[in-house]
$ cat upload-v3.pdb   # PDB, C-alpha atoms
MODEL        1
ATOM      1  CA  MET A   1     -47.089-109.300  -6.166
ATOM      2  CA  SER A   2     -46.368-109.470  -9.820
ATOM      3  CA  LYS A   3     -47.832-112.942  -9.922
ATOM      4  CA  LYS A   4     -51.079-111.874  -8.380
ATOM      5  CA  LEU A   5     -51.577-108.930 -10.673
ATOM      6  CA  ASN A   6     -50.079-110.783 -13.577
ATOM      7  CA  ILE A   7     -48.166-107.830 -14.883
ATOM      8  CA  GLY A   8     -44.758-109.425 -15.179
ATOM      9  CA  ILE A   9     -44.116-110.673 -18.691
ATOM     10  CA  PRO A  10     -41.082-112.542 -20.038
ATOM     11  CA  CYS A  11     -38.735-110.857 -22.501
ATOM     12  CA  SER A  12     -40.013-112.859 -25.444
ATOM     13  CA  GLU A  13     -43.498-111.554 -24.894
ATOM     14  CA  ALA A  14     -42.243-108.027 -24.340
ATOM     15  CA  ASN A  15     -40.507-108.148 -27.710
ATOM     16  CA  HIS A  16     -43.608-109.509 -29.320
ATOM     17  CA  VAL A  17     -45.706-106.650 -27.943
ATOM     18  CA  CYS A  18     -43.047-104.207 -29.042
ATOM     19  CA  ASP A  19     -43.160-105.581 -32.593
ATOM     20  CA  LYS A  20     -46.918-105.353 -32.577
ATOM     21  CA  SER A  21     -46.882-101.761 -31.388
ATOM     22  CA  GLN A  22     -44.787-100.822 -34.410
ATOM     23  CA  TYR A  23     -47.869-101.589 -36.464
ATOM     24  CA  ARG A  24     -50.286-100.199 -33.893
ATOM     25  CA  GLU A  25     -51.691-103.606 -33.205
ATOM     26  CA  SER A  26     -51.052-103.946 -29.497
ATOM     27  CA  SER A  27     -53.796-103.342 -26.964
ATOM     28  CA  PHE A  28     -53.631-100.770 -24.185
ATOM     29  CA  TRP A  29     -53.121-103.377 -21.477
ATOM     30  CA  GLU A  30     -50.317-104.986 -23.468
ATOM     31  CA  LYS A  31     -48.571-101.645 -23.738
ATOM     32  CA  VAL A  32     -48.850-101.089 -19.998
ATOM     33  CA  LYS A  33     -47.289-104.475 -19.391
ATOM     34  CA  LEU A  34     -44.537-103.760 -21.882
ATOM     35  CA  ASN A  35     -43.690-100.469 -20.210
ATOM     36  CA  ILE A  36     -43.527-102.076 -16.803
ATOM     37  CA  HIS A  37     -41.205-104.692 -18.226
ATOM     38  CA  LEU A  38     -39.021-102.001 -19.754
ATOM     39  CA  LEU A  39     -38.565-100.407 -16.352
ATOM     40  CA  TYR A  40     -36.394-103.248 -15.162
ATOM     41  CA  CYS A  41     -35.088-104.880 -18.348
ATOM     42  CA  LYS A  42     -32.213-103.161 -20.066
ATOM     43  CA  ALA A  43     -31.981-105.570 -22.999
ATOM     44  CA  CYS A  44     -35.601-105.001 -23.955
ATOM     45  CA  ARG A  45     -35.155-101.248 -23.628
ATOM     46  CA  GLU A  46     -32.359-101.507 -26.181
ATOM     47  CA  TYR A  47     -34.500-103.607 -28.486
ATOM     48  CA  THR A  48     -37.443-101.236 -28.213
ATOM     49  CA  LYS A  49     -35.243 -98.273 -28.981
ATOM     50  CA  LYS A  50     -33.855 -99.947 -32.083
ATOM     51  CA  ASN A  51     -37.273-101.088 -33.192
ATOM     52  CA  ILE A  52     -38.793 -97.633 -32.956
ATOM     53  CA  LYS A  53     -35.871 -96.181 -34.842
ATOM     54  CA  LEU A  54     -36.330 -98.703 -37.621
ATOM     55  CA  SER A  55     -39.989 -97.765 -37.924
ATOM     56  CA  THR A  56     -39.153 -94.074 -38.042
ATOM     57  CA  ILE A  57     -36.593 -94.340 -40.769
ATOM     58  CA  ILE A  58     -38.847 -96.504 -42.874
ATOM     59  CA  THR A  59     -41.653 -93.955 -42.662
ATOM     60  CA  LYS A  60     -39.228 -91.145 -43.233
ATOM     61  CA  SER A  61     -37.738 -92.680 -46.350
ATOM     62  CA  LYS A  62     -41.193 -93.016 -47.922
ATOM     63  CA  VAL A  63     -40.280 -96.232 -49.679
ATOM     64  CA  THR A  64     -42.998 -97.577 -51.902
ATOM     65  CA  CYS A  65     -43.644-100.768 -53.725
ATOM     66  CA  MET A  66     -45.157-101.503 -57.038
ATOM     67  CA  ASP A  67     -48.889-102.123 -56.929
ATOM     68  CA  LYS A  68     -49.683-105.780 -56.858
ATOM     69  CA  LYS A  69     -51.725-105.693 -60.033
ATOM     70  CA  ASN A  70     -49.032-103.853 -61.940
ATOM     71  CA  LYS A  71     -46.444-106.276 -60.723
ATOM     72  CA  GLU A  72     -48.439-109.255 -61.961
ATOM     73  CA  CYS A  73     -48.813-107.475 -65.287
ATOM     74  CA  LEU A  74     -45.115-106.864 -65.497
ATOM     75  CA  LYS A  75     -44.410-110.444 -64.566
ATOM     76  CA  SER A  76     -46.580-111.965 -67.267
ATOM     77  CA  GLU A  77     -45.256-109.533 -69.849
ATOM     78  CA  PHE A  78     -41.711-110.343 -68.887
ATOM     79  CA  GLU A  79     -42.280-114.085 -68.929
ATOM     80  CA  LYS A  80     -43.621-113.808 -72.445
ATOM     81  CA  ALA A  81     -40.532-111.930 -73.523
ATOM     82  CA  LEU A  82     -38.359-114.446 -71.737
ATOM     83  CA  LYS A  83     -39.939-117.297 -73.668
ATOM     84  CA  ASP A  84     -39.497-115.504 -76.987
ATOM     85  CA  ASN A  85     -35.906-114.895 -76.108
ATOM     86  CA  ASN A  86     -35.296-118.554 -75.334
ATOM     87  CA  VAL A  87     -36.887-119.716 -78.565
ATOM     88  CA  LYS A  88     -34.488-117.570 -80.537
TER      89      LYS A  88
ATOM     90  CA  MET B  89     -13.983-115.121 -66.626
ATOM     91  CA  PRO B  90     -17.471-114.112 -65.648
ATOM     92  CA  ASN B  91     -17.804-114.173 -61.910
ATOM     93  CA  HIS B  92     -21.413-112.989 -61.866
ATOM     94  CA  LEU B  93     -24.257-114.795 -63.570
ATOM     95  CA  LEU B  94     -27.628-113.562 -64.715
ATOM     96  CA  ASN B  95     -30.763-115.293 -63.654
ATOM     97  CA  PRO B  96     -33.671-113.533 -65.384
ATOM     98  CA  ASP B  97     -36.343-115.854 -63.948
ATOM     99  CA  LYS B  98     -35.931-114.205 -60.585
ATOM    100  CA  TRP B  99     -35.452-110.614 -61.693
ATOM    101  CA  ILE B 100     -38.981-109.429 -61.094
ATOM    102  CA  ASP B 101     -39.237-110.888 -57.615
ATOM    103  CA  LEU B 102     -35.839-109.705 -56.554
ATOM    104  CA  TYR B 103     -35.455-106.315 -58.146
ATOM    105  CA  ALA B 104     -38.812-104.949 -59.342
ATOM    106  CA  ASP B 105     -39.528-103.077 -56.117
ATOM    107  CA  TYR B 106     -35.985-101.861 -55.779
ATOM    108  CA  LEU B 107     -35.924-100.484 -59.314
ATOM    109  CA  PHE B 108     -39.387 -99.035 -58.921
ATOM    110  CA  ASN B 109     -38.421 -97.216 -55.768
ATOM    111  CA  TYR B 110     -35.259 -95.953 -57.407
ATOM    112  CA  THR B 111     -37.243 -94.619 -60.359
ATOM    113  CA  ILE B 112     -40.043 -93.048 -58.403
ATOM    114  CA  SER B 113     -37.664 -90.886 -56.426
ATOM    115  CA  ARG B 114     -36.397 -89.544 -59.736
ATOM    116  CA  VAL B 115     -39.471 -89.158 -61.915
ATOM    117  CA  ASN B 116     -42.180 -88.681 -59.305
ATOM    118  CA  ASP B 117     -44.936 -90.420 -61.184
ATOM    119  CA  ARG B 118     -46.045 -93.963 -60.525
ATOM    120  CA  GLU B 119     -47.176 -94.734 -64.033
ATOM    121  CA  ILE B 120     -44.052 -93.458 -65.704
ATOM    122  CA  ALA B 121     -41.915 -95.280 -63.167
ATOM    123  CA  GLN B 122     -43.793 -98.471 -63.913
ATOM    124  CA  ASP B 123     -43.153 -98.087 -67.639
ATOM    125  CA  LEU B 124     -39.502 -97.314 -67.156
ATOM    126  CA  VAL B 125     -39.006-100.375 -64.978
ATOM    127  CA  GLN B 126     -40.684-102.546 -67.547
ATOM    128  CA  ASP B 127     -38.539-101.080 -70.337
ATOM    129  CA  THR B 128     -35.482-101.745 -68.260
ATOM    130  CA  PHE B 129     -36.259-105.404 -67.751
ATOM    131  CA  LEU B 130     -37.014-105.938 -71.414
ATOM    132  CA  ALA B 131     -33.901-104.081 -72.523
ATOM    133  CA  ALA B 132     -31.837-106.091 -70.073
ATOM    134  CA  LEU B 133     -33.233-109.309 -71.482
ATOM    135  CA  LYS B 134     -32.255-108.283 -74.982
ATOM    136  CA  SER B 135     -28.730-107.357 -74.091
ATOM    137  CA  MET B 136     -28.049-110.287 -71.820
ATOM    138  CA  LYS B 137     -25.294-111.562 -74.045
ATOM    139  CA  ASN B 138     -23.428-108.290 -73.594
ATOM    140  CA  PHE B 139     -23.234-108.837 -69.876
ATOM    141  CA  LYS B 140     -19.597-109.362 -69.005
ATOM    142  CA  GLY B 141     -20.088-110.500 -65.442
ATOM    143  CA  GLU B 142     -17.999-107.723 -63.993
ATOM    144  CA  ALA B 143     -20.767-106.195 -61.911
ATOM    145  CA  ASN B 144     -23.484-107.967 -60.038
ATOM    146  CA  GLU B 145     -26.958-108.288 -61.465
ATOM    147  CA  ARG B 146     -28.499-105.434 -59.561
ATOM    148  CA  THR B 147     -25.795-102.930 -60.401
ATOM    149  CA  TRP B 148     -26.106-103.900 -64.024
ATOM    150  CA  LEU B 149     -29.887-103.465 -64.039
ATOM    151  CA  ILE B 150     -29.592-100.094 -62.314
ATOM    152  CA  SER B 151     -27.132 -98.898 -64.914
ATOM    153  CA  ILE B 152     -29.659 -99.732 -67.635
ATOM    154  CA  LEU B 153     -32.416 -98.041 -65.687
ATOM    155  CA  LYS B 154     -30.312 -94.888 -65.334
ATOM    156  CA  ARG B 155     -30.032 -94.646 -69.099
ATOM    157  CA  LYS B 156     -33.778 -95.133 -69.413
ATOM    158  CA  ILE B 157     -34.460 -92.315 -66.973
ATOM    159  CA  ILE B 158     -32.104 -89.994 -68.836
ATOM    160  CA  ASP B 159     -33.782 -90.911 -72.116
ATOM    161  CA  TYR B 160     -37.138 -90.150 -70.586
ATOM    162  CA  TYR B 161     -36.094 -86.652 -69.528
ATOM    163  CA  ARG B 162     -34.489 -86.055 -72.889
ATOM    164  CA  LYS B 163     -37.725 -86.995 -74.598
ATOM    165  CA  ILE B 164     -39.987 -84.729 -72.582
ATOM    166  CA  ASN B 165     -37.606 -81.815 -72.897
ATOM    167  CA  SER B 166     -37.306 -82.132 -76.634
ATOM    168  CA  ASN B 167     -40.899 -80.962 -76.971
ATOM    169  CA  LYS B 168     -39.825 -77.393 -76.758
ATOM    170  CA  GLY B 169     -43.225 -75.843 -76.249
ATOM    171  CA  LYS B 170     -43.694 -77.783 -73.041
ATOM    172  CA  ALA B 171     -40.442 -76.622 -71.530
ATOM    173  CA  GLU B 172     -41.525 -73.024 -71.110
ATOM    174  CA  VAL B 173     -42.371 -71.720 -67.674
ATOM    175  CA  ARG B 174     -46.034 -71.018 -67.235
ATOM    176  CA  ILE B 175     -47.206 -68.373 -64.821
ATOM    177  CA  THR B 176     -50.850 -68.188 -63.947
ATOM    178  CA  SER B 177     -51.773 -64.594 -63.599
ATOM    179  CA  ASN B 178     -54.515 -63.530 -61.295
ATOM    180  CA  ASN B 179     -56.998 -61.486 -63.285
ATOM    181  CA  ASP B 180     -59.532 -61.002 -60.551
ATOM    182  CA  SER B 181     -59.439 -57.293 -59.652
ATOM    183  CA  GLU B 182     -60.223 -57.879 -56.005
ATOM    184  CA  THR B 183     -57.306 -60.161 -55.377
ATOM    185  CA  ASP B 184     -55.007 -58.301 -57.694
ATOM    186  CA  GLY B 185     -51.516 -58.148 -56.263
ATOM    187  CA  ASP B 186     -52.185 -60.872 -53.727
ATOM    188  CA  TRP B 187     -49.927 -63.833 -53.417
ATOM    189  CA  LEU B 188     -50.760 -66.483 -55.905
ATOM    190  CA  GLU B 189     -51.531 -69.466 -53.785
ATOM    191  CA  GLU B 190     -49.303 -71.883 -55.609
ATOM    192  CA  ARG B 191     -46.342 -69.514 -55.605
ATOM    193  CA  VAL B 192     -46.131 -68.916 -51.908
ATOM    194  CA  ALA B 193     -43.167 -70.703 -50.414
ATOM    195  CA  ASP B 194     -44.257 -73.772 -48.548
ATOM    196  CA  PRO B 195     -42.757 -73.745 -45.060
ATOM    197  CA  PHE B 196     -43.033 -77.511 -44.890
ATOM    198  CA  ASP B 197     -41.250 -77.959 -48.155
ATOM    199  CA  LYS B 198     -38.196 -80.112 -47.819
ATOM    200  CA  THR B 199     -34.788 -78.942 -48.785
ATOM    201  CA  ALA B 200     -33.011 -80.681 -51.603
ATOM    202  CA  GLU B 201     -30.636 -82.234 -49.146
ATOM    203  CA  ASP B 202     -33.422 -83.860 -47.189
ATOM    204  CA  THR B 203     -34.952 -85.310 -50.306
ATOM    205  CA  MET B 204     -31.614 -86.630 -51.432
ATOM    206  CA  GLN B 205     -30.984 -88.251 -48.095
ATOM    207  CA  ASN B 206     -34.371 -89.919 -48.204
ATOM    208  CA  THR B 207     -33.620 -91.275 -51.657
ATOM    209  CA  GLU B 208     -30.403 -92.790 -50.395
ATOM    210  CA  LEU B 209     -32.169 -94.163 -47.368
ATOM    211  CA  GLY B 210     -34.769 -95.858 -49.545
ATOM    212  CA  GLU B 211     -32.025 -97.497 -51.542
ATOM    213  CA  ALA B 212     -30.282 -98.640 -48.379
ATOM    214  CA  ILE B 213     -33.514-100.181 -47.127
ATOM    215  CA  PHE B 214     -34.000-102.182 -50.304
ATOM    216  CA  LYS B 215     -30.399-103.277 -50.298
ATOM    217  CA  CYS B 216     -30.775-104.606 -46.767
ATOM    218  CA  LEU B 217     -34.091-106.176 -47.647
ATOM    219  CA  SER B 218     -32.459-108.123 -50.451
ATOM    220  CA  LYS B 219     -30.009-109.624 -47.973
ATOM    221  CA  LEU B 220     -32.781-111.216 -45.915
ATOM    222  CA  PRO B 221     -34.042-114.727 -46.625
ATOM    223  CA  GLU B 222     -36.723-114.587 -49.306
ATOM    224  CA  LYS B 223     -39.675-115.354 -47.073
ATOM    225  CA  GLN B 224     -38.668-112.883 -44.384
ATOM    226  CA  ALA B 225     -38.149-110.179 -46.969
ATOM    227  CA  GLU B 226     -41.511-110.842 -48.556
ATOM    228  CA  ILE B 227     -43.433-110.721 -45.301
ATOM    229  CA  PHE B 228     -41.555-107.691 -44.024
ATOM    230  CA  ARG B 229     -42.250-105.881 -47.274
ATOM    231  CA  MET B 230     -45.956-106.714 -47.236
ATOM    232  CA  LYS B 231     -46.376-105.730 -43.636
ATOM    233  CA  THR B 232     -44.142-102.706 -43.325
ATOM    234  CA  ILE B 233     -43.928-101.121 -46.742
ATOM    235  CA  GLU B 234     -47.255-102.038 -48.286
ATOM    236  CA  GLY B 235     -48.925-101.818 -44.898
ATOM    237  CA  LEU B 236     -51.176-104.835 -45.304
ATOM    238  CA  GLU B 237     -53.241-106.222 -42.448
ATOM    239  CA  THR B 238     -51.887-109.179 -40.518
ATOM    240  CA  GLU B 239     -54.954-111.197 -41.341
ATOM    241  CA  ASP B 240     -54.669-110.626 -45.078
ATOM    242  CA  ILE B 241     -51.045-111.668 -45.164
ATOM    243  CA  CYS B 242     -51.760-114.800 -43.144
ATOM    244  CA  LYS B 243     -54.541-115.751 -45.481
ATOM    245  CA  GLU B 244     -52.541-115.157 -48.590
ATOM    246  CA  LEU B 245     -49.432-117.002 -47.474
ATOM    247  CA  ASN B 246     -51.312-119.593 -45.466
ATOM    248  CA  ILE B 247     -49.452-119.095 -42.197
ATOM    249  CA  THR B 248     -50.607-118.545 -38.622
ATOM    250  CA  SER B 249     -50.388-115.131 -37.056
ATOM    251  CA  SER B 250     -47.867-116.231 -34.439
ATOM    252  CA  ASN B 251     -45.763-117.590 -37.253
ATOM    253  CA  LEU B 252     -45.996-114.219 -38.964
ATOM    254  CA  TRP B 253     -44.883-112.343 -35.873
ATOM    255  CA  VAL B 254     -41.880-114.588 -35.403
ATOM    256  CA  ILE B 255     -40.822-113.891 -38.981
ATOM    257  CA  ILE B 256     -41.432-110.164 -38.555
ATOM    258  CA  HIS B 257     -39.339-110.193 -35.408
ATOM    259  CA  ARG B 258     -36.412-111.869 -37.163
ATOM    260  CA  ALA B 259     -36.705-109.580 -40.145
ATOM    261  CA  ARG B 260     -36.796-106.455 -37.991
ATOM    262  CA  THR B 261     -33.745-107.528 -36.026
ATOM    263  CA  ALA B 262     -31.849-108.278 -39.213
ATOM    264  CA  MET B 263     -32.921-105.021 -40.856
ATOM    265  CA  ALA B 264     -31.938-103.004 -37.811
ATOM    266  CA  SER B 265     -28.448-104.471 -37.690
ATOM    267  CA  CYS B 266     -28.035-104.110 -41.454
ATOM    268  CA  LEU B 267     -29.059-100.457 -41.447
ATOM    269  CA  LYS B 268     -27.103 -99.785 -38.282
ATOM    270  CA  GLU B 269     -23.824 -99.238 -40.061
ATOM    271  CA  ASN B 270     -24.938 -96.123 -41.870
ATOM    272  CA  TRP B 271     -28.254 -94.922 -40.620
ATOM    273  CA  PHE B 272     -28.671 -95.493 -36.920
TER     274      PHE B 272
ENDMDL
END

$ encode --input "upload-v3.pdb" --output "structure tokens"
Amino acid sequence: MSKKLNIGIPCSEANHVCDKSQYRESSFWEKVKLNIHLLYCKACREYTKKNIKLSTIITKSKVTCMDKKNKECLKSEFEKALKDNNVK
Amino acid sequence: MPNHLLNPDKWIDLYADYLFNYTISRVNDREIAQDLVQDTFLAALKSMKNFKGEANERTWLISILKRKIIDYYRKINSNKGKAEVRITSNNDSETDGDWLEERVADPFDKTAEDTMQNTELGEAIFKCLSKLPEKQAEIFRMKTIEGLETEDICKELNITSSNLWVIIHRARTAMASCLKENWF
């Protein structure tokens, strides 16, 4: 039956969909297929659980990065200083 | 015998975000954090010859940054006039005696403990990130922390989207097992 309806997906694809859902990039149909897969696959259930947890703690920690522009600025400034330092 | 070496060419790529994140949780202002990080790198460069090799690079940079943050707070508190507590009084007769909006306790306000835990968590995340291979770390950072679109990352790094997802998958697995020890 699963072949006819084409709802059975291999683990690799299930993981891929799971990764995508962490960034809200999976489609509705993909999510349905993932959930069906999770019903019978314990390993993927584990992976999904871990993956969701990782996403939660990253949002919770509110980590930020330097803005790209500022980083470039810092880089060029630092390289200048590095050169001066080497000349001395 | 120095067992740790300094490699300033790679400092910015390796530690800029880590230091920035460390600073921002302590000074709460992006611009000031940016300046402090820059000061730290420049100060580190100047005192490179004093590096004894006892600690690793990152620990050493953080110790400089800590001094910079302390100096910053010392500086703003030395302007005595600014240290006073200001209370805005409500002069409007109609609302006299009402709660001042900004002084009402915020029920969603986090406790100090929560904030502290989040600071530690942020540091743990960057520590784990630095253990990943460079490319994985870069892509994971762009995608997860900066929140860039898949398409933009692919264009910038000149990779296919399936390639990107494979890297993301590896990075996520590695991050999960690295953070597992303390945070899962």

$ resolve_selection --input "upload-v3.pdb" --expression "the PyMOL selection byres ((chain A) within 12 of (chain B))" --output "PyMOL selection string"
chain A and resi 12-25+46-86+88

$ residues_around --input "upload-v3.pdb" --residues "Ser151 of chain B" --least-positions-apart "6" --cutoff "12 Å" --atoms "all atoms listed in the file" --output "count of residues only"
14

$ atom_distance --input "upload-v3.pdb" --atom1 "atom CA of Lys156 of chain B" --atom2 "atom CA of Cys216 of chain B"
24.7 Å

$ atom_distance --input "upload-v3.pdb" --atom1 "atom CA of Ile255 of chain B" --atom2 "atom CA of Gln224 of chain B"
5.9 Å

$ atom_distance --input "upload-v3.pdb" --atom1 "atom CA of Leu124 of chain B" --atom2 "atom CA of Ile164 of chain B"
13.7 Å

$ axis_aligned_box --input "upload-v3.pdb" --around "segment 196-214 of chain B" --padding-each-side "6 Å" --output "lines of an AutoDock Vina configuration file"
center_x = -36.7
center_y = -89.8
center_z = -48.3
size_x = 24.8
size_y = 36.7
size_z = 18.8

$ decode --input "upload-v3.pdb" --residues "segment 61-84 of chain A" --atoms "N, CA and C atoms" --output "mmCIF file, in the first residue's frame"
data_model
loop_
_atom_site.group_PDB
_atom_site.id
_atom_site.type_symbol
_atom_site.label_atom_id
_atom_site.label_comp_id
_atom_site.auth_asym_id
_atom_site.auth_seq_id
_atom_site.Cartn_x
_atom_site.Cartn_y
_atom_site.Cartn_z
ATOM 1 N N SER A 61 18.918 30.452 24.165
ATOM 2 C CA SER A 61 20.150 31.095 24.609
ATOM 3 C C SER A 61 20.328 32.482 24.001
ATOM 4 N N LYS A 62 19.555 32.765 22.962
ATOM 5 C CA LYS A 62 19.623 34.078 22.297
ATOM 6 C C LYS A 62 21.032 34.439 21.854
ATOM 7 N N VAL A 63 21.760 33.468 21.325
ATOM 8 C CA VAL A 63 23.098 33.800 20.847
ATOM 9 C C VAL A 63 22.997 34.730 19.651
ATOM 10 N N THR A 64 23.931 35.639 19.556
ATOM 11 C CA THR A 64 23.948 36.524 18.398
ATOM 12 C C THR A 64 25.341 36.524 17.798
ATOM 13 N N CYS A 65 25.395 37.020 16.596
ATOM 14 C CA CYS A 65 26.675 37.164 15.932
ATOM 15 C C CYS A 65 26.916 38.635 15.651
ATOM 16 N N MET A 66 28.137 38.917 15.344
ATOM 17 C CA MET A 66 28.451 40.261 14.903
ATOM 18 C C MET A 66 27.833 40.505 13.535
ATOM 19 N N ASP A 67 27.407 41.727 13.275
ATOM 20 C CA ASP A 67 26.893 42.023 11.937
ATOM 21 C C ASP A 67 28.029 41.843 10.935
ATOM 22 N N LYS A 68 27.616 41.455 9.734
ATOM 23 C CA LYS A 68 28.627 41.146 8.739
ATOM 24 C C LYS A 68 29.509 42.356 8.421
ATOM 25 N N LYS A 69 28.849 43.489 8.300
ATOM 26 C CA LYS A 69 29.563 44.713 7.931
ATOM 27 C C LYS A 69 30.594 45.064 9.003
ATOM 28 N N ASN A 70 30.124 44.989 10.262
ATOM 29 C CA ASN A 70 31.014 45.311 11.368
ATOM 30 C C ASN A 70 32.198 44.367 11.431
ATOM 31 N N LYS A 71 31.914 43.112 11.088
ATOM 32 C CA LYS A 71 32.975 42.124 11.150
ATOM 33 C C LYS A 71 34.041 42.422 10.098
ATOM 34 N N GLU A 72 33.585 42.788 8.903
ATOM 35 C CA GLU A 72 34.534 43.138 7.845
ATOM 36 C C GLU A 72 35.388 44.313 8.283
ATOM 37 N N CYS A 73 34.712 45.294 8.892
ATOM 38 C CA CYS A 73 35.390 46.483 9.407
ATOM 39 C C CYS A 73 36.489 46.083 10.372
ATOM 40 N N LEU A 74 36.083 45.268 11.324
ATOM 41 C CA LEU A 74 37.000 44.813 12.359
ATOM 42 C C LEU A 74 38.181 44.084 11.736
ATOM 43 N N LYS A 75 37.864 43.276 10.730
ATOM 44 C CA LYS A 75 38.892 42.484 10.085
ATOM 45 C C LYS A 75 39.943 43.373 9.417
ATOM 46 N N SER A 76 39.464 44.369 8.671
ATOM 47 C CA SER A 76 40.421 45.207 7.949
ATOM 48 C C SER A 76 41.243 46.038 8.923
ATOM 49 N N GLU A 77 40.567 46.500 9.976
ATOM 50 C CA GLU A 77 41.264 47.276 11.005
ATOM 51 C C GLU A 77 42.366 46.436 11.655
ATOM 52 N N PHE A 78 41.976 45.202 11.944
ATOM 53 C CA PHE A 78 42.904 44.311 12.639
ATOM 54 C C PHE A 78 44.083 43.941 11.742
ATOM 55 N N GLU A 79 43.795 43.733 10.461
ATOM 56 C CA GLU A 79 44.872 43.366 9.547
ATOM 57 C C GLU A 79 45.893 44.490 9.415
ATOM 58 N N LYS A 80 45.361 45.711 9.445
ATOM 59 C CA LYS A 80 46.259 46.872 9.399
ATOM 60 C C LYS A 80 47.189 46.853 10.606
ATOM 61 N N ALA A 81 46.579 46.645 11.768
ATOM 62 C CA ALA A 81 47.362 46.634 13.000
ATOM 63 C C ALA A 81 48.368 45.490 12.994
ATOM 64 N N LEU A 82 47.951 44.388 12.420
ATOM 65 C CA LEU A 82 48.812 43.212 12.348
ATOM 66 C C LEU A 82 50.050 43.509 11.508
ATOM 67 N N LYS A 83 49.832 44.205 10.406
ATOM 68 C CA LYS A 83 50.939 44.567 9.521
ATOM 69 C C LYS A 83 51.911 45.490 10.241
ATOM 70 N N ASP A 84 51.351 46.521 10.889
ATOM 71 C CA ASP A 84 52.189 47.462 11.637
ATOM 72 C C ASP A 84 53.031 46.722 12.653
#
